[in-house]
Structure formats: structure tokens, C-alpha cells
file model.txt (compact mmCIF, N, CA and C atoms and all ligand atoms)
# COMPACT_ATOMS: atom_id res chain seq x y z
N MET A 1 0.84 -1.19 0.00
CA MET A 1 0.00 0.00 0.00
C MET A 1 0.89 1.26 0.00
N THR A 2 0.55 2.21 -0.86
CA THR A 2 1.37 3.42 -0.98
C THR A 2 0.86 4.50 -0.06
N GLN A 3 1.73 5.39 0.41
CA GLN A 3 1.32 6.50 1.28
C GLN A 3 0.73 7.61 0.43
N PRO A 4 -0.18 8.40 1.03
CA PRO A 4 -0.70 9.58 0.32
C PRO A 4 0.47 10.50 -0.06
N LEU A 5 0.35 11.19 -1.16
CA LEU A 5 1.43 12.04 -1.67
C LEU A 5 1.88 13.09 -0.66
N GLN A 6 0.90 13.73 0.04
CA GLN A 6 1.25 14.81 0.96
C GLN A 6 2.12 14.31 2.12
N MET A 7 1.80 13.07 2.60
CA MET A 7 2.57 12.50 3.72
C MET A 7 4.03 12.28 3.32
N MET A 8 4.24 11.82 2.14
CA MET A 8 5.60 11.60 1.66
C MET A 8 6.34 12.93 1.55
N ALA A 9 5.61 13.94 1.10
CA ALA A 9 6.22 15.26 0.98
C ALA A 9 6.63 15.78 2.35
N ASP A 10 5.76 15.59 3.37
CA ASP A 10 6.07 16.04 4.73
C ASP A 10 7.33 15.37 5.25
N ARG A 11 7.39 14.05 5.04
CA ARG A 11 8.56 13.31 5.52
C ARG A 11 9.84 13.87 4.92
N LYS A 12 9.77 14.15 3.65
CA LYS A 12 10.94 14.68 2.94
C LYS A 12 11.32 16.05 3.51
N ASP A 13 10.30 16.89 3.74
CA ASP A 13 10.56 18.22 4.30
C ASP A 13 11.25 18.11 5.66
N ASP A 14 10.72 17.20 6.50
CA ASP A 14 11.28 17.06 7.85
C ASP A 14 12.75 16.68 7.78
N ALA A 15 13.04 15.71 6.95
CA ALA A 15 14.43 15.25 6.83
C ALA A 15 15.33 16.40 6.38
N GLU A 16 14.84 17.16 5.43
CA GLU A 16 15.64 18.29 4.93
C GLU A 16 15.83 19.35 6.02
N ASN A 17 14.75 19.59 6.76
CA ASN A 17 14.84 20.60 7.81
C ASN A 17 15.85 20.21 8.88
N ASP A 18 15.79 18.94 9.30
CA ASP A 18 16.71 18.49 10.35
C ASP A 18 18.15 18.65 9.89
N LEU A 19 18.41 18.27 8.68
CA LEU A 19 19.76 18.35 8.14
C LEU A 19 20.18 19.82 8.10
N GLY A 20 19.22 20.64 7.64
CA GLY A 20 19.52 22.07 7.54
C GLY A 20 19.87 22.66 8.88
N VAL A 21 19.12 22.32 9.92
CA VAL A 21 19.38 22.87 11.25
C VAL A 21 20.75 22.42 11.74
N ALA A 22 21.05 21.12 11.57
CA ALA A 22 22.32 20.58 12.07
C ALA A 22 23.51 21.24 11.37
N LEU A 23 23.38 21.49 10.11
CA LEU A 23 24.53 22.01 9.36
C LEU A 23 24.66 23.52 9.41
N LYS A 24 23.53 24.22 9.44
CA LYS A 24 23.59 25.67 9.25
C LYS A 24 23.60 26.45 10.56
N THR A 25 22.95 25.89 11.59
CA THR A 25 22.80 26.68 12.81
C THR A 25 24.01 26.47 13.71
N ARG A 26 24.74 27.57 13.97
CA ARG A 26 25.89 27.49 14.86
C ARG A 26 25.72 28.50 15.98
N PRO A 27 24.98 28.12 17.03
CA PRO A 27 24.74 29.07 18.10
C PRO A 27 26.06 29.52 18.71
N LYS A 28 26.15 30.81 19.03
CA LYS A 28 27.39 31.34 19.63
C LYS A 28 27.52 30.82 21.06
N THR A 29 28.50 29.93 21.28
CA THR A 29 28.75 29.44 22.64
C THR A 29 29.99 30.13 23.18
N GLN A 30 29.97 30.42 24.46
CA GLN A 30 31.11 31.05 25.10
C GLN A 30 31.80 30.00 25.97
N ARG A 31 33.10 29.86 25.76
CA ARG A 31 33.86 29.01 26.67
C ARG A 31 34.01 29.76 27.98
N PRO A 32 33.93 29.07 29.11
CA PRO A 32 34.10 29.79 30.38
C PRO A 32 35.52 30.34 30.47
N PRO A 33 35.71 31.53 31.03
CA PRO A 33 37.06 32.08 31.15
C PRO A 33 37.91 31.20 32.05
N MET A 34 39.22 31.15 31.77
CA MET A 34 40.15 30.37 32.59
C MET A 34 41.05 31.32 33.37
N TYR A 35 41.57 30.81 34.47
CA TYR A 35 42.35 31.66 35.39
C TYR A 35 43.72 31.06 35.66
N LYS A 36 44.74 31.92 35.53
CA LYS A 36 46.12 31.51 35.84
C LYS A 36 46.32 31.63 37.34
N VAL A 37 46.92 30.59 37.91
CA VAL A 37 47.32 30.68 39.32
C VAL A 37 48.82 30.98 39.34
N LEU A 38 49.18 32.06 40.04
CA LEU A 38 50.56 32.54 40.07
C LEU A 38 51.15 32.38 41.46
N LEU A 39 52.40 31.97 41.48
CA LEU A 39 53.15 31.91 42.73
C LEU A 39 54.17 33.03 42.71
N LEU A 40 54.30 33.75 43.81
CA LEU A 40 55.21 34.90 43.89
C LEU A 40 56.43 34.57 44.74
N ASN A 41 57.55 35.14 44.35
CA ASN A 41 58.77 34.92 45.12
C ASN A 41 58.78 35.78 46.39
N ASP A 42 59.51 35.34 47.38
CA ASP A 42 59.83 36.17 48.55
C ASP A 42 61.19 35.69 49.06
N ASP A 43 61.73 36.40 50.03
CA ASP A 43 63.10 36.08 50.49
C ASP A 43 63.12 35.06 51.63
N TYR A 44 61.98 34.67 52.15
CA TYR A 44 61.96 33.90 53.40
C TYR A 44 61.41 32.48 53.31
N THR A 45 60.43 32.25 52.42
CA THR A 45 59.84 30.91 52.35
C THR A 45 60.90 29.91 51.87
N PRO A 46 61.10 28.82 52.60
CA PRO A 46 62.11 27.84 52.18
C PRO A 46 61.77 27.19 50.84
N MET A 47 62.79 26.96 50.04
CA MET A 47 62.60 26.34 48.72
C MET A 47 61.85 25.02 48.82
N GLU A 48 62.22 24.18 49.78
CA GLU A 48 61.59 22.86 49.88
C GLU A 48 60.11 22.96 50.26
N PHE A 49 59.76 24.03 50.98
CA PHE A 49 58.35 24.24 51.32
C PHE A 49 57.54 24.54 50.05
N VAL A 50 58.11 25.36 49.18
CA VAL A 50 57.44 25.71 47.92
C VAL A 50 57.31 24.46 47.04
N VAL A 51 58.37 23.67 46.99
CA VAL A 51 58.34 22.42 46.21
C VAL A 51 57.22 21.52 46.75
N HIS A 52 57.12 21.44 48.06
CA HIS A 52 56.08 20.60 48.68
C HIS A 52 54.68 21.08 48.29
N ILE A 53 54.49 22.38 48.29
CA ILE A 53 53.18 22.96 47.92
C ILE A 53 52.82 22.61 46.47
N LEU A 54 53.82 22.71 45.61
CA LEU A 54 53.56 22.43 44.19
C LEU A 54 53.23 20.96 43.96
N GLU A 55 53.85 20.08 44.73
CA GLU A 55 53.53 18.64 44.63
C GLU A 55 52.15 18.38 45.21
N ARG A 56 51.89 18.94 46.37
CA ARG A 56 50.68 18.63 47.13
C ARG A 56 49.40 19.19 46.51
N PHE A 57 49.46 20.47 46.06
CA PHE A 57 48.23 21.12 45.59
C PHE A 57 48.10 21.20 44.08
N PHE A 58 49.22 20.97 43.38
CA PHE A 58 49.15 21.11 41.92
C PHE A 58 49.52 19.81 41.20
N GLY A 59 49.71 18.74 41.96
CA GLY A 59 49.91 17.41 41.36
C GLY A 59 51.18 17.31 40.52
N LEU A 60 52.17 18.13 40.82
CA LEU A 60 53.43 18.05 40.05
C LEU A 60 54.35 17.02 40.67
N ASN A 61 55.17 16.37 39.84
CA ASN A 61 56.18 15.48 40.40
C ASN A 61 57.33 16.33 40.93
N HIS A 62 58.28 15.70 41.63
CA HIS A 62 59.32 16.47 42.33
C HIS A 62 60.15 17.33 41.37
N ALA A 63 60.49 16.76 40.22
CA ALA A 63 61.33 17.49 39.24
C ALA A 63 60.58 18.70 38.69
N GLN A 64 59.31 18.51 38.32
CA GLN A 64 58.50 19.63 37.82
C GLN A 64 58.35 20.71 38.88
N ALA A 65 58.07 20.27 40.11
CA ALA A 65 57.87 21.21 41.22
C ALA A 65 59.15 22.01 41.48
N PHE A 66 60.27 21.32 41.45
CA PHE A 66 61.56 21.99 41.71
C PHE A 66 61.84 23.02 40.62
N GLU A 67 61.55 22.66 39.38
CA GLU A 67 61.79 23.54 38.23
C GLU A 67 60.94 24.82 38.35
N ILE A 68 59.66 24.66 38.66
CA ILE A 68 58.77 25.84 38.78
C ILE A 68 59.19 26.70 39.97
N MET A 69 59.55 26.04 41.08
CA MET A 69 60.02 26.80 42.25
C MET A 69 61.23 27.66 41.88
N LEU A 70 62.16 27.06 41.12
CA LEU A 70 63.37 27.79 40.71
C LEU A 70 63.04 28.96 39.78
N THR A 71 62.06 28.75 38.90
CA THR A 71 61.62 29.83 38.01
C THR A 71 61.08 31.00 38.82
N VAL A 72 60.24 30.69 39.82
CA VAL A 72 59.69 31.74 40.69
C VAL A 72 60.84 32.45 41.41
N HIS A 73 61.76 31.67 41.94
CA HIS A 73 62.91 32.21 42.69
C HIS A 73 63.74 33.17 41.82
N LYS A 74 63.93 32.80 40.55
CA LYS A 74 64.79 33.60 39.66
C LYS A 74 64.05 34.76 39.01
N LYS A 75 62.80 34.52 38.60
CA LYS A 75 62.07 35.53 37.79
C LYS A 75 61.10 36.36 38.63
N GLY A 76 60.81 35.92 39.83
CA GLY A 76 59.89 36.69 40.68
C GLY A 76 58.51 36.12 40.76
N LEU A 77 58.09 35.40 39.73
CA LEU A 77 56.78 34.73 39.75
C LEU A 77 56.70 33.73 38.60
N ALA A 78 55.73 32.83 38.67
CA ALA A 78 55.48 31.90 37.58
C ALA A 78 54.03 31.44 37.64
N VAL A 79 53.51 31.08 36.47
CA VAL A 79 52.19 30.46 36.40
C VAL A 79 52.36 29.00 36.79
N VAL A 80 51.59 28.54 37.76
CA VAL A 80 51.73 27.14 38.18
C VAL A 80 50.59 26.27 37.65
N GLY A 81 49.58 26.91 37.05
CA GLY A 81 48.49 26.15 36.45
C GLY A 81 47.40 27.09 35.96
N VAL A 82 46.52 26.56 35.10
CA VAL A 82 45.39 27.32 34.57
C VAL A 82 44.13 26.50 34.83
N PHE A 83 43.15 27.13 35.47
CA PHE A 83 41.97 26.42 35.95
C PHE A 83 40.70 27.24 35.76
N SER A 84 39.56 26.60 35.94
CA SER A 84 38.29 27.33 36.01
C SER A 84 38.33 28.26 37.23
N PHE A 85 37.44 29.23 37.29
CA PHE A 85 37.45 30.19 38.40
C PHE A 85 37.40 29.48 39.75
N GLU A 86 36.46 28.55 39.90
CA GLU A 86 36.26 27.90 41.20
C GLU A 86 37.47 27.08 41.62
N VAL A 87 38.07 26.36 40.66
CA VAL A 87 39.24 25.53 41.00
C VAL A 87 40.42 26.43 41.34
N ALA A 88 40.64 27.49 40.55
CA ALA A 88 41.74 28.42 40.82
C ALA A 88 41.58 29.05 42.21
N GLU A 89 40.37 29.47 42.51
CA GLU A 89 40.07 30.09 43.81
C GLU A 89 40.39 29.13 44.96
N THR A 90 40.03 27.88 44.78
CA THR A 90 40.30 26.85 45.80
C THR A 90 41.80 26.63 45.98
N LYS A 91 42.53 26.54 44.86
CA LYS A 91 43.99 26.32 44.94
C LYS A 91 44.66 27.47 45.69
N VAL A 92 44.28 28.71 45.33
CA VAL A 92 44.87 29.89 45.97
C VAL A 92 44.59 29.85 47.47
N ALA A 93 43.36 29.54 47.82
CA ALA A 93 42.98 29.49 49.25
C ALA A 93 43.77 28.40 49.98
N GLN A 94 43.93 27.24 49.35
CA GLN A 94 44.67 26.13 49.96
C GLN A 94 46.13 26.52 50.20
N VAL A 95 46.75 27.13 49.18
CA VAL A 95 48.16 27.53 49.29
C VAL A 95 48.33 28.59 50.37
N MET A 96 47.48 29.62 50.33
CA MET A 96 47.58 30.73 51.30
C MET A 96 47.37 30.23 52.73
N ASP A 97 46.42 29.35 52.89
CA ASP A 97 46.13 28.81 54.23
C ASP A 97 47.28 27.96 54.75
N PHE A 98 47.81 27.10 53.85
CA PHE A 98 48.92 26.21 54.24
C PHE A 98 50.17 27.04 54.60
N ALA A 99 50.45 28.07 53.80
CA ALA A 99 51.62 28.93 54.07
C ALA A 99 51.42 29.68 55.39
N ARG A 100 50.23 30.21 55.60
CA ARG A 100 49.94 30.96 56.84
C ARG A 100 50.10 30.06 58.06
N ARG A 101 49.56 28.83 57.96
CA ARG A 101 49.65 27.91 59.09
C ARG A 101 51.10 27.56 59.43
N HIS A 102 51.97 27.61 58.41
CA HIS A 102 53.40 27.33 58.65
C HIS A 102 54.20 28.62 58.82
N GLN A 103 53.50 29.72 58.91
CA GLN A 103 54.12 31.03 59.16
C GLN A 103 55.16 31.43 58.12
N HIS A 104 54.83 31.11 56.85
CA HIS A 104 55.68 31.56 55.74
C HIS A 104 54.91 32.65 54.97
N PRO A 105 55.64 33.64 54.45
CA PRO A 105 54.97 34.77 53.78
C PRO A 105 54.62 34.52 52.31
N LEU A 106 54.68 33.27 51.89
CA LEU A 106 54.41 32.91 50.50
C LEU A 106 53.08 33.50 50.01
N GLN A 107 53.11 34.07 48.80
CA GLN A 107 51.91 34.65 48.21
C GLN A 107 51.53 33.89 46.93
N CYS A 108 50.21 33.66 46.80
CA CYS A 108 49.67 32.97 45.64
C CYS A 108 48.44 33.75 45.19
N THR A 109 48.37 34.07 43.90
CA THR A 109 47.24 34.85 43.39
C THR A 109 46.70 34.22 42.11
N MET A 110 45.59 34.76 41.64
CA MET A 110 45.04 34.30 40.36
C MET A 110 44.70 35.50 39.48
N GLU A 111 44.76 35.28 38.17
CA GLU A 111 44.30 36.34 37.26
C GLU A 111 43.68 35.72 36.02
N LYS A 112 42.72 36.44 35.46
CA LYS A 112 42.02 35.94 34.27
C LYS A 112 43.03 35.78 33.15
N GLU A 113 42.93 34.68 32.41
CA GLU A 113 43.89 34.40 31.33
C GLU A 113 43.74 35.41 30.19
N1 LIG A 201 63.29 32.89 47.35
C1 LIG A 201 63.07 31.83 48.30
C2 LIG A 201 64.37 31.45 48.97
O1 LIG A 201 65.43 31.82 48.48
C3 LIG A 201 62.46 30.57 47.65
C4 LIG A 201 61.11 30.80 47.09
C5 LIG A 201 60.77 30.28 45.84
C6 LIG A 201 60.14 31.49 47.79
C7 LIG A 201 59.51 30.43 45.31
C8 LIG A 201 58.86 31.68 47.27
O2 LIG A 201 57.31 31.29 45.52
C9 LIG A 201 58.56 31.14 46.03
N2 LIG A 201 64.30 30.72 50.08
call {"tool": "encode", "arguments": {"input": "model.txt", "output": "C-alpha cells"}}
result
Amino acid sequence: MTQPLQMMADRKDDAENDLGVALKTRPKTQRPPMYKVLLLNDDYTPMEFVVHILERFFGLNHAQAFEIMLTVHKKGLAVVGVFSFEVAETKVAQVMDFARRHQHPLQCTMEKE
């Protein structure tokens, strides 16, 4: 049994429309902004303490942590990671709290990428 002509036409239209929407419509999506977490140099925080922080809160291995610590020591600061706002905020708070509890003046900040 054959379908009525109009029904076949509708089916064809629907298929074309779906394809058209998928191919032509590109809604403007915004990627969420990312934030750099920066570690700042100072004259008092022990190098090994900074290395420990980088291993503990940023998941770096000892060699990576030592390298970034040395960069901060020599250049004054370094980016230690790039995260979503909430994750960056948490890392900064964890570092600042840990440094304060150990009475080191280490500073950690974040800035929009
Ligand atoms: N400059 C410190 C020292 O000589 C070491 C240090 C490195 C401190 C990195 C802070 O973010 C820092 N003991």
C-alpha cells in the first residue's frame, strides 16, 4: 500500500529541515574564562616548602615542582596552572592557608587568562 502524496512530501521536508538545522545553525557558545594561578617569590619561604606545595596542591612530580620553584625564585613569579574560576580560587585558598599555618609569607594569586 502506498502513502498519500502529501505525507511523503512532509517526511521529505522534515528530513531536509533536520539536516539544515544541524549544518547551518551554529549558536554562539562562550567558553568559560580560565584563570592563571601565580606563585610569587619572597626572600623567606624555604625552597623545599614551595616544592612541597607544588607537589601537594598542583599534582606536580618532584622534578616539575623543583623547576617551577626555581623559576619563581629567579624571575619573581610563575604560572603554576590554569583552571576554572572555582578551582583556581580553591587552589589559591589552599596555598595561602597552608603557608599561613606554617608562618611563611608565600603569596599565591590568580588572574584571568
Ligand atoms: N626565594 C626563596 C628562597 O630563596 C624561595 C622561594 C621560591 C620562595 C619560590 C617563594 O614562591 C617562592 N628561600
call {"tool": "closest_residue", "arguments": {"input": "model.txt", "among": "A:Val82, A:Ile53, A:Val37, A:Met47", "to": "ligand LIG 201 (chain A)", "atoms": "only C-alpha atoms and all ligand atoms"}}
result
A:Met47
call {"tool": "atom_distance", "arguments": {"input": "model.txt", "atom1": "atom C6 of ligand LIG 201 (chain A)", "atom2": "CA of Ile68 (chain A)"}}
result
10.7 Å
call {"tool": "closest_atom_pairs", "arguments": {"input": "model.txt", "of": "chain A", "to": "ligand LIG 201 (chain A)", "cutoff": "6 Å", "atoms": "only C-alpha atoms and all ligand atoms", "output": "Markdown table"}}
result
| residue | atom | partner | partner_atom | distance |
| --- | --- | --- | --- | --- |
| A:Leu39 | CA | A:LIG201 | O2 | 5.0 |
| A:Leu40 | CA | A:LIG201 | O2 | 4.5 |
| A:Asn41 | CA | A:LIG201 | C8 | 3.9 |
| A:Asp42 | CA | A:LIG201 | C6 | 4.8 |
| A:Asp43 | CA | A:LIG201 | N1 | 4.5 |
| A:Tyr44 | CA | A:LIG201 | N2 | 5.2 |
| A:Thr45 | CA | A:LIG201 | C6 | 4.6 |
| A:Pro46 | CA | A:LIG201 | N2 | 4.2 |
| A:Met47 | CA | A:LIG201 | C3 | 4.4 |
| A:Val50 | CA | A:LIG201 | C7 | 5.8 |
| A:Met69 | CA | A:LIG201 | C7 | 4.8 |
| A:Val72 | CA | A:LIG201 | C7 | 4.8 |
| A:His73 | CA | A:LIG201 | C5 | 4.3 |
| A:Leu106 | CA | A:LIG201 | C8 | 5.6 |
call {"tool": "residues_around", "arguments": {"input": "model.txt", "residues": "Leu54 (chain A)", "least_positions_apart": "3", "cutoff": "10 Å", "atoms": "only C-alpha atoms", "output": "list in words"}}
result
Leu39, Glu48, Phe49, Val50, Val51, Phe57, Phe58, Gly59, Leu60, Asn61, His62, Gln64, Ala65, Phe66, Ile68, Met69, Val80, Gly81 and Val95 of chain A
call {"tool": "residues_near_point", "arguments": {"input": "model.txt", "point": "(47.6, 28.3, 45.4)", "cutoff": "7 Å", "atoms": "only C-alpha atoms", "output": "list in words"}}
result
Val37, Lys91, Val92, Ala93, Gln94, Val95, Met96, Cys108 and Thr109 of chain A
call {"tool": "atom_distance", "arguments": {"input": "model.txt", "atom1": "atom N of Val79 (chain A)", "atom2": "atom C of Glu55 (chain A)"}}
result
15.5 Å
call {"tool": "atom_distance", "arguments": {"input": "model.txt", "atom1": "CA of Ser84 (chain A)", "atom2": "atom N of Pro33 (chain A)"}}
result
7.0 Å
call {"tool": "select_by_dssp", "arguments": {"input": "model.txt", "residues": "region 21-108 of chain A", "states": "alpha helix (DSSP H)", "output": "VMD selection string"}}
result
chain A and resid 21 to 24 47 to 58 62 to 75 85 to 101
call {"tool": "residues_around", "arguments": {"input": "model.txt", "residues": "Lys112 (chain A)", "least_positions_apart": "3", "cutoff": "6 Å", "atoms": "all atoms listed in the file", "output": "PyMOL selection string"}}
result
chain A and resi 34-36
call {"tool": "closest_residue", "arguments": {"input": "model.txt", "among": "A:Glu67, A:Phe98, A:Lys74, A:Leu38", "to": "Met110 (chain A)", "atoms": "all atoms listed in the file"}}
result
A:Leu38
call {"tool": "select_by_dssp", "arguments": {"input": "model.txt", "residues": "region 31-101 of chain A", "states": "strand (DSSP E)", "output": "list of chain:residue names"}}
result
A:Tyr35, A:Lys36, A:Val37, A:Leu38, A:Leu39, A:Leu40, A:Leu77, A:Ala78, A:Val79, A:Val80, A:Gly81, A:Val82, A:Phe83
